[in-house]
file entry_11.cif (mmCIF, C-alpha atoms and all ligand atoms)
data_data
loop_
_atom_site.label_atom_id
_atom_site.label_comp_id
_atom_site.auth_asym_id
_atom_site.auth_seq_id
_atom_site.Cartn_x
_atom_site.Cartn_y
_atom_site.Cartn_z
CA MET A 1248 145.55 100.54 42.28
CA GLY A 1249 147.08 102.39 45.21
CA LEU A 1250 146.65 101.46 48.82
CA THR A 1251 143.94 104.05 49.47
CA ASP A 1252 141.95 102.82 46.47
CA GLN A 1253 142.28 99.24 47.69
CA LEU A 1254 141.15 100.31 51.14
CA GLN A 1255 138.19 102.14 49.67
CA THR A 1256 137.19 99.12 47.62
CA LEU A 1257 137.30 96.98 50.75
CA TYR A 1258 135.43 99.67 52.65
CA ARG A 1259 132.60 99.74 50.11
CA VAL A 1260 132.13 95.96 50.19
CA ASP A 1261 132.62 95.76 53.95
CA SER A 1262 129.93 98.41 54.50
CA GLN A 1263 127.46 96.48 52.37
CA VAL A 1264 128.22 93.23 54.21
CA ARG A 1265 127.74 94.97 57.55
CA GLY A 1266 124.56 96.67 56.35
CA LEU A 1267 122.97 93.36 55.34
CA ARG A 1268 124.12 91.64 58.51
CA THR A 1269 122.71 94.49 60.60
CA ARG A 1270 119.31 94.10 58.93
CA VAL A 1271 119.25 90.41 59.86
CA GLU A 1272 120.58 91.13 63.36
CA ASN A 1273 117.86 93.74 63.92
CA SER A 1274 115.24 91.17 63.01
CA GLU A 1275 116.88 88.67 65.36
CA ARG A 1276 116.90 91.19 68.18
CA TYR A 1277 113.24 92.03 67.58
CA LEU A 1278 112.28 88.35 67.60
CA LYS A 1279 114.24 87.77 70.81
CA ALA A 1280 112.37 90.63 72.48
CA GLN A 1281 109.03 89.10 71.38
CA VAL A 1282 110.04 85.67 72.71
CA ARG A 1283 111.06 87.17 76.04
CA GLN A 1284 107.85 89.18 76.41
CA LEU A 1285 105.73 86.19 75.44
CA ALA A 1286 107.49 84.07 78.08
CA GLU A 1287 106.83 86.75 80.70
CA LEU A 1288 103.15 86.95 79.76
CA THR A 1289 102.81 83.15 79.78
CA THR A 1290 104.22 83.02 83.32
CA GLU A 1291 102.00 85.91 84.39
CA HIS A 1292 98.97 84.12 82.95
CA GLN A 1293 99.83 80.85 84.70
CA GLU A 1294 100.27 82.63 88.02
CA ALA A 1295 96.99 84.52 87.66
CA GLU A 1296 95.18 81.31 86.74
CA LEU A 1297 96.66 79.55 89.75
CA ARG A 1298 95.45 82.36 92.03
CA LEU A 1299 91.99 82.08 90.48
CA ARG A 1300 91.86 78.28 90.98
CA GLN A 1301 92.95 78.68 94.60
CA SER A 1302 90.27 81.28 95.29
CA GLU A 1303 87.63 79.12 93.62
CA ALA A 1304 88.70 76.13 95.71
CA SER A 1305 88.56 78.06 98.98
CA LEU A 1306 85.13 79.42 98.04
CA GLY A 1307 84.05 75.82 97.41
CA ASN A 1308 85.25 74.81 100.89
CA LEU A 1309 83.48 77.77 102.41
CA GLU A 1310 80.20 76.85 100.72
CA THR A 1311 80.45 73.22 101.85
CA GLU A 1312 81.07 74.36 105.41
CA ARG A 1313 78.12 76.77 105.25
CA ASP A 1314 75.81 74.07 103.88
CA THR A 1315 76.81 71.73 106.71
CA ILE A 1316 75.93 74.35 109.30
CA GLN A 1317 72.69 75.16 107.49
CA ALA A 1318 71.78 71.47 107.50
CA ARG A 1319 72.32 71.41 111.25
CA VAL A 1320 70.04 74.46 111.62
CA ASP A 1321 67.32 72.74 109.59
CA LYS A 1322 67.65 69.64 111.73
CA LEU A 1323 67.34 71.70 114.93
CA ARG A 1324 64.20 73.34 113.57
CA ASP A 1325 62.57 69.90 113.34
CA GLU A 1326 63.79 69.10 116.84
CA LEU A 1327 62.00 72.19 118.21
CA ASN A 1328 58.68 70.40 117.67
CA SER A 1329 59.68 67.45 119.78
CA CYS A 1330 60.89 69.53 122.71
CA THR A 1331 58.93 68.69 125.81
CA THR A 1332 60.20 71.32 128.26
CA SER A 1333 60.66 75.03 127.79
CA LYS A 1334 64.27 74.62 128.97
CA GLN A 1335 64.94 72.16 126.14
CA TYR A 1336 63.15 74.46 123.73
CA SER A 1337 65.21 77.51 124.58
CA ALA A 1338 68.47 75.48 124.50
CA VAL A 1339 67.71 74.39 120.93
CA GLN A 1340 66.70 77.92 120.03
CA ASP A 1341 69.97 79.30 121.41
CA GLU A 1342 72.01 76.84 119.38
CA MET A 1343 70.03 77.67 116.26
CA LYS A 1344 70.60 81.36 116.82
CA SER A 1345 74.35 81.04 117.14
CA LEU A 1346 74.54 78.72 114.10
CA LYS A 1347 72.46 81.13 112.02
CA GLU A 1348 74.91 83.89 112.89
CA LYS A 1349 77.71 81.65 111.63
CA VAL A 1350 75.83 81.04 108.38
CA ASP A 1351 75.40 84.79 107.92
CA GLU A 1352 79.10 85.30 108.54
CA GLN A 1353 79.97 82.62 105.97
CA ASP A 1354 77.60 84.22 103.48
CA THR A 1355 79.35 87.57 103.86
CA ILE A 1356 82.77 86.00 103.40
CA ALA A 1357 81.51 84.03 100.39
CA LEU A 1358 80.18 87.19 98.79
CA GLU A 1359 83.56 88.90 99.16
CA ALA A 1360 85.29 85.83 97.78
CA MET A 1361 82.97 85.84 94.76
CA GLU A 1362 83.78 89.48 94.06
CA GLU A 1363 87.50 88.72 94.30
CA ILE A 1364 87.06 85.78 91.94
CA GLU A 1365 85.35 88.05 89.42
CA VAL A 1366 88.32 90.44 89.53
CA LEU A 1367 90.78 87.57 89.15
CA ARG A 1368 88.80 86.09 86.29
CA SER A 1369 88.82 89.33 84.35
CA SER A 1370 92.55 89.75 85.03
CA VAL A 1371 93.22 86.23 83.69
CA GLY A 1372 91.19 87.13 80.63
CA SER A 1373 93.03 90.35 79.89
CA ILE A 1374 96.44 88.72 80.39
CA ALA A 1375 95.39 85.93 78.04
CA GLU A 1376 94.42 88.51 75.47
CA LYS A 1377 97.81 90.25 75.75
CA ARG A 1378 99.54 86.88 75.54
CA ASN A 1379 97.66 85.99 72.37
CA GLU A 1380 98.53 89.34 70.78
CA ARG A 1381 102.19 88.77 71.66
CA GLN A 1382 101.99 85.28 70.20
CA THR A 1383 100.84 86.75 66.90
CA LEU A 1384 103.66 89.33 66.99
CA GLN A 1385 106.21 86.64 67.75
CA ALA A 1386 105.03 84.47 64.88
CA LYS A 1387 105.20 87.47 62.54
CA ALA A 1388 108.70 88.37 63.78
CA LYS A 1389 109.87 84.80 63.17
CA GLU A 1390 108.40 84.89 59.68
CA ASP A 1391 110.07 88.26 58.94
CA LEU A 1392 113.43 87.01 60.16
CA ASP A 1393 113.22 83.88 58.01
CA GLN A 1394 112.19 85.96 55.02
CA ARG A 1395 114.94 88.51 55.56
CA THR A 1396 117.59 85.84 56.12
CA HIS A 1397 116.47 84.15 52.93
CA ASP A 1398 116.38 87.46 50.99
CA VAL A 1399 119.92 88.51 51.86
CA SER A 1400 121.64 85.13 51.93
CA ASP A 1401 122.65 85.02 48.27
CA ARG A 1402 123.73 88.65 48.14
CA LEU A 1403 125.58 88.29 51.42
CA GLU A 1404 127.49 85.27 50.18
CA GLU A 1405 128.43 87.12 47.03
CA LEU A 1406 129.56 90.19 48.97
CA GLU A 1407 131.54 88.12 51.43
CA ARG A 1408 133.43 86.57 48.53
CA GLU A 1409 134.09 90.07 47.15
CA ARG A 1410 135.21 91.17 50.57
CA GLU A 1411 137.67 88.30 50.75
CA VAL A 1412 139.13 89.24 47.37
CA ALA A 1413 139.43 92.91 48.33
CA ALA A 1414 140.99 91.99 51.68
CA ALA A 1415 143.51 89.67 50.02
CA MET A 1416 144.81 92.59 47.93
CA LEU A 1417 145.86 94.51 51.02
CA PRO A 1418 149.16 94.19 52.85
CA ASP A 1419 148.68 92.32 56.18
CA LYS A 1420 149.42 95.37 58.29
CA ALA A 1421 146.92 97.56 56.43
CA LEU A 1422 144.24 94.86 56.68
CA GLU A 1423 144.89 94.56 60.38
CA VAL A 1424 144.41 98.31 60.84
CA PHE A 1425 141.32 98.23 58.64
CA ASN A 1426 139.67 95.41 60.61
CA TYR A 1427 140.53 96.97 63.93
CA THR A 1428 139.19 100.38 62.88
CA ALA A 1429 136.09 98.84 61.31
CA ASN A 1430 135.19 97.04 64.53
CA MET A 1431 135.90 100.09 66.62
CA ASN A 1432 133.67 102.36 64.52
CA ASP A 1433 130.87 99.92 63.68
CA GLY A 1434 131.97 99.64 60.10
CA GLU A 1435 132.47 103.35 59.53
CA THR A 1436 136.09 102.71 58.81
CA MET A 1437 137.13 105.54 56.54
CA ALA A 1438 136.80 109.29 56.69
CA GLU A 1439 137.29 111.92 54.06
CA VAL A 1440 139.68 114.81 54.62
CA LEU A 1441 137.78 118.07 54.34
CA GLU A 1442 139.33 121.39 53.50
CA VAL A 1443 138.36 124.27 55.78
CA ASN A 1444 140.81 126.89 54.59
CA ARG A 1445 143.55 126.22 52.04
CA LYS A 1446 145.46 129.41 52.69
CA HIS A 1447 145.66 128.65 56.42
CA ARG A 1448 146.21 124.97 55.75
CA GLU A 1449 143.19 124.01 57.80
CA TYR A 1450 141.87 120.51 57.23
CA VAL A 1451 139.58 118.36 59.34
CA CYS A 1452 138.42 114.75 59.56
CA GLY A 1453 135.07 114.54 57.78
CA GLU A 1454 133.66 112.22 60.44
CA CYS A 1455 134.79 113.54 63.81
CA ASN A 1456 135.75 117.05 62.74
CA MET A 1457 139.13 116.85 64.43
CA GLU A 1458 141.63 119.28 62.90
CA LEU A 1459 144.34 117.37 61.07
CA PRO A 1460 148.03 118.24 61.06
CA PHE A 1461 148.95 119.57 57.62
CA ASN A 1462 151.59 116.85 57.42
CA THR A 1463 148.76 114.28 57.22
CA VAL A 1464 147.34 116.03 54.19
CA VAL A 1465 150.74 116.18 52.54
CA LEU A 1466 151.29 112.46 53.12
CA LEU A 1467 147.93 111.59 51.59
CA THR A 1468 148.42 113.90 48.64
CA ASN A 1469 151.89 112.67 47.75
CA ASN A 1470 151.89 109.05 48.65
CA THR A 1471 148.92 106.82 47.92
CA ASP A 1472 150.59 103.91 49.69
CA HIS A 1473 150.60 105.59 53.04
CA LEU A 1474 147.90 104.58 55.50
CA VAL A 1475 147.00 107.56 57.69
CA GLN A 1476 144.53 107.47 60.56
CA CYS A 1477 142.66 110.36 62.13
CA VAL A 1478 144.14 111.23 65.49
CA GLY A 1479 140.66 111.79 66.88
CA CYS A 1480 138.56 108.83 65.74
CA GLN A 1481 141.24 106.49 64.33
CA ARG A 1482 139.37 106.18 61.03
CA ILE A 1483 141.51 105.70 57.95
CA LEU A 1484 141.71 108.98 56.05
CA PHE A 1485 141.36 109.58 52.34
CA ILE A 1486 141.35 112.64 50.13
CA ALA A 1487 138.90 113.10 47.30
CA GLU A 1488 140.58 113.03 43.88
CA GLU A 1489 139.50 116.61 43.18
CA LEU A 1490 141.13 118.05 46.27
CA LYS A 1491 144.21 115.94 45.80
CA THR A 1492 144.69 117.27 42.27
CA ALA A 1493 144.14 120.85 43.44
CA LEU A 1494 146.72 120.43 46.20
CA ALA A 1495 149.27 118.77 43.95
CA LYS A 1496 149.41 121.85 41.77
ZN ZN B 1501 138.27 111.56 62.83
#

call {"tool": "encode", "arguments": {"input": "entry_11.cif", "output": "structure tokens"}}
result
Amino acid sequence: MGLTDQLQTLYRVDSQVRGLRTRVENSERYLKAQVRQLAELTTEHQEAELRLRQSEASLGNLETERDTIQARVDKLRDELNSCTTSKQYSAVQDEMKSLKEKVDEQDTIALEAMEEIEVLRSSVGSIAEKRNERQTLQAKAKEDLDQRTHDVSDRLEELEREREVAAAMLPDKALEVFNYTANMNDGETMAEVLEVNRKHREYVCGECNMELPFNTVVLLTNNTDHLVQCVGCQRILFIAEELKTALAK
């Protein structure tokens, strides 16, 4: 087996390994996004609940205060009967009047606070709903990841062993170039040489479309042990058997 064939064998296995790993990584990424969004919603829910509790507490204080004033008004009403002079009577009446105004004021504020509490309560409810939906999605994502990891684990192990064997067949330098190129191109390590025009000796890289010097084509046609990279995308080039045979004629 020539160098290009060995590279292609490694490429095939390497692509499959990467493909399976990518599937698992995509699931991991999706789960991470769910976890992050759930955490955000949990915080949002806690904050909204805190605001609601605070508003409820201040409404409670307001109502206590109002009831105290009202009690004082009721007490003054009884006192009116025991007033002996008209001066006393009108003094009590004046105090009652000003306290009643205060009670009215408190009632208005309490009404506004109650409306605000209603808004907060419905906001807490809708955030809780979103949080619960996200919780379901997160649980499903976790389940999918576990399932996917389990599904590919045997095949992945097998392919990784095959990859090791294929890699061991290659000269160190070629393997180094392969690994470097693979990482640079997300696993799309090799590219086929495509013929544009034989008469004009026009050939391009099948991946990035860069025109290749004819010398590259000659090297690949004559010498299978020569590793040639595309000048544009650095991918390792190969020529299909059919074209190679046609050019060798
Ligand atoms: Zn290229």

call {"tool": "closest_residue", "arguments": {"input": "entry_11.cif", "among": "A:Leu1466, A:Ala1493, A:Thr1436, A:His1447", "to": "ligand ZN 1501 (chain B)", "atoms": "all atoms listed in the file"}}
result
A:Thr1436

call {"tool": "closest_residue", "arguments": {"input": "entry_11.cif", "among": "A:Glu1352, A:Glu1458, A:Asp1391, A:Glu1439", "to": "Thr1251 in chain A", "atoms": "only C-alpha atoms"}}
result
A:Glu1439

call {"tool": "residues_near_ligand", "arguments": {"input": "entry_11.cif", "ligand": "ligand ZN 1501 (chain B)", "cutoff": "10 Å", "atoms": "all atoms listed in the file", "output": "NGL selection string"}}
result
:A and (1436-1440 or 1451-1459 or 1476-1484)

call {"tool": "residues_near_point", "arguments": {"input": "entry_11.cif", "point": "(95.3, 81.6, 77.0)", "cutoff": "10 Å", "atoms": "all atoms listed in the file", "output": "list in words"}}
result
Leu1288, Thr1289, His1292, Gln1293, Glu1296, Val1371, Gly1372, Ser1373, Ile1374, Ala1375, Glu1376, Lys1377, Arg1378 and Asn1379 of chain A

call {"tool": "residues_around", "arguments": {"input": "entry_11.cif", "residues": "Ala1421 in chain A", "least_positions_apart": "4", "cutoff": "12 Å", "atoms": "only C-alpha atoms", "output": "mmCIF file with C-alpha atoms, in the frame of the given file"}}
result
data_model
loop_
_atom_site.group_PDB
_atom_site.id
_atom_site.type_symbol
_atom_site.label_atom_id
_atom_site.label_comp_id
_atom_site.auth_asym_id
_atom_site.auth_seq_id
_atom_site.Cartn_x
_atom_site.Cartn_y
_atom_site.Cartn_z
ATOM 1 C CA LEU A 1250 146.650 101.460 48.820
ATOM 2 C CA THR A 1251 143.940 104.050 49.470
ATOM 3 C CA GLN A 1253 142.280 99.240 47.690
ATOM 4 C CA LEU A 1254 141.150 100.310 51.140
ATOM 5 C CA GLN A 1255 138.190 102.140 49.670
ATOM 6 C CA LEU A 1257 137.300 96.980 50.750
ATOM 7 C CA ALA A 1413 139.430 92.910 48.330
ATOM 8 C CA ALA A 1414 140.990 91.990 51.680
ATOM 9 C CA ALA A 1415 143.510 89.670 50.020
ATOM 10 C CA MET A 1416 144.810 92.590 47.930
ATOM 11 C CA LEU A 1417 145.860 94.510 51.020
ATOM 12 C CA PHE A 1425 141.320 98.230 58.640
ATOM 13 C CA ASN A 1426 139.670 95.410 60.610
ATOM 14 C CA TYR A 1427 140.530 96.970 63.930
ATOM 15 C CA THR A 1428 139.190 100.380 62.880
ATOM 16 C CA ALA A 1429 136.090 98.840 61.310
ATOM 17 C CA ASP A 1472 150.590 103.910 49.690
ATOM 18 C CA HIS A 1473 150.600 105.590 53.040
ATOM 19 C CA LEU A 1474 147.900 104.580 55.500
ATOM 20 C CA VAL A 1475 147.000 107.560 57.690
ATOM 21 C CA GLN A 1476 144.530 107.470 60.560
ATOM 22 C CA ILE A 1483 141.510 105.700 57.950
#

call {"tool": "atom_distance", "arguments": {"input": "entry_11.cif", "atom1": "CA of Ala1318 in chain A", "atom2": "CA of Ile1364 in chain A"}}
result
26.1 Å

call {"tool": "closest_residue", "arguments": {"input": "entry_11.cif", "among": "A:Leu1441, A:Leu1346, A:Ala1360, A:Gln1301", "to": "Thr1315 in chain A", "atoms": "all atoms listed in the file"}}
result
A:Leu1346

call {"tool": "atom_distance", "arguments": {"input": "entry_11.cif", "atom1": "CA of Glu1310 in chain A", "atom2": "CA of Glu1362 in chain A"}}
result
14.7 Å

call {"tool": "closest_residue", "arguments": {"input": "entry_11.cif", "among": "A:Thr1355, A:Thr1396, A:Arg1319, A:Asp1325", "to": "Glu1342 in chain A", "atoms": "all atoms listed in the file"}}
result
A:Arg1319

call {"tool": "residues_around", "arguments": {"input": "entry_11.cif", "residues": "Ala1280 in chain A", "least_positions_apart": "3", "cutoff": "12 Å", "atoms": "only C-alpha atoms", "output": "short mmCIF file (atom, residue, chain, number, x, y, z; two decimals) with C-alpha atoms, keeping the file's coordinate frame"}}
result
data_model
loop_
_atom_site.label_atom_id
_atom_site.label_comp_id
_atom_site.auth_asym_id
_atom_site.auth_seq_id
_atom_site.Cartn_x
_atom_site.Cartn_y
_atom_site.Cartn_z
CA ASN A 1273 117.86 93.74 63.92
CA SER A 1274 115.24 91.17 63.01
CA GLU A 1275 116.88 88.67 65.36
CA ARG A 1276 116.90 91.19 68.18
CA TYR A 1277 113.24 92.03 67.58
CA ARG A 1283 111.06 87.17 76.04
CA GLN A 1284 107.85 89.18 76.41
CA LEU A 1285 105.73 86.19 75.44
CA ALA A 1286 107.49 84.07 78.08
CA GLU A 1287 106.83 86.75 80.70
CA ARG A 1381 102.19 88.77 71.66
CA GLN A 1382 101.99 85.28 70.20
CA LEU A 1384 103.66 89.33 66.99
CA GLN A 1385 106.21 86.64 67.75
CA ALA A 1388 108.70 88.37 63.78
CA LYS A 1389 109.87 84.80 63.17
#

call {"tool": "atom_distance", "arguments": {"input": "entry_11.cif", "atom1": "CA of Gly1249 in chain A", "atom2": "CA of Glu1404 in chain A"}}
result
26.5 Å
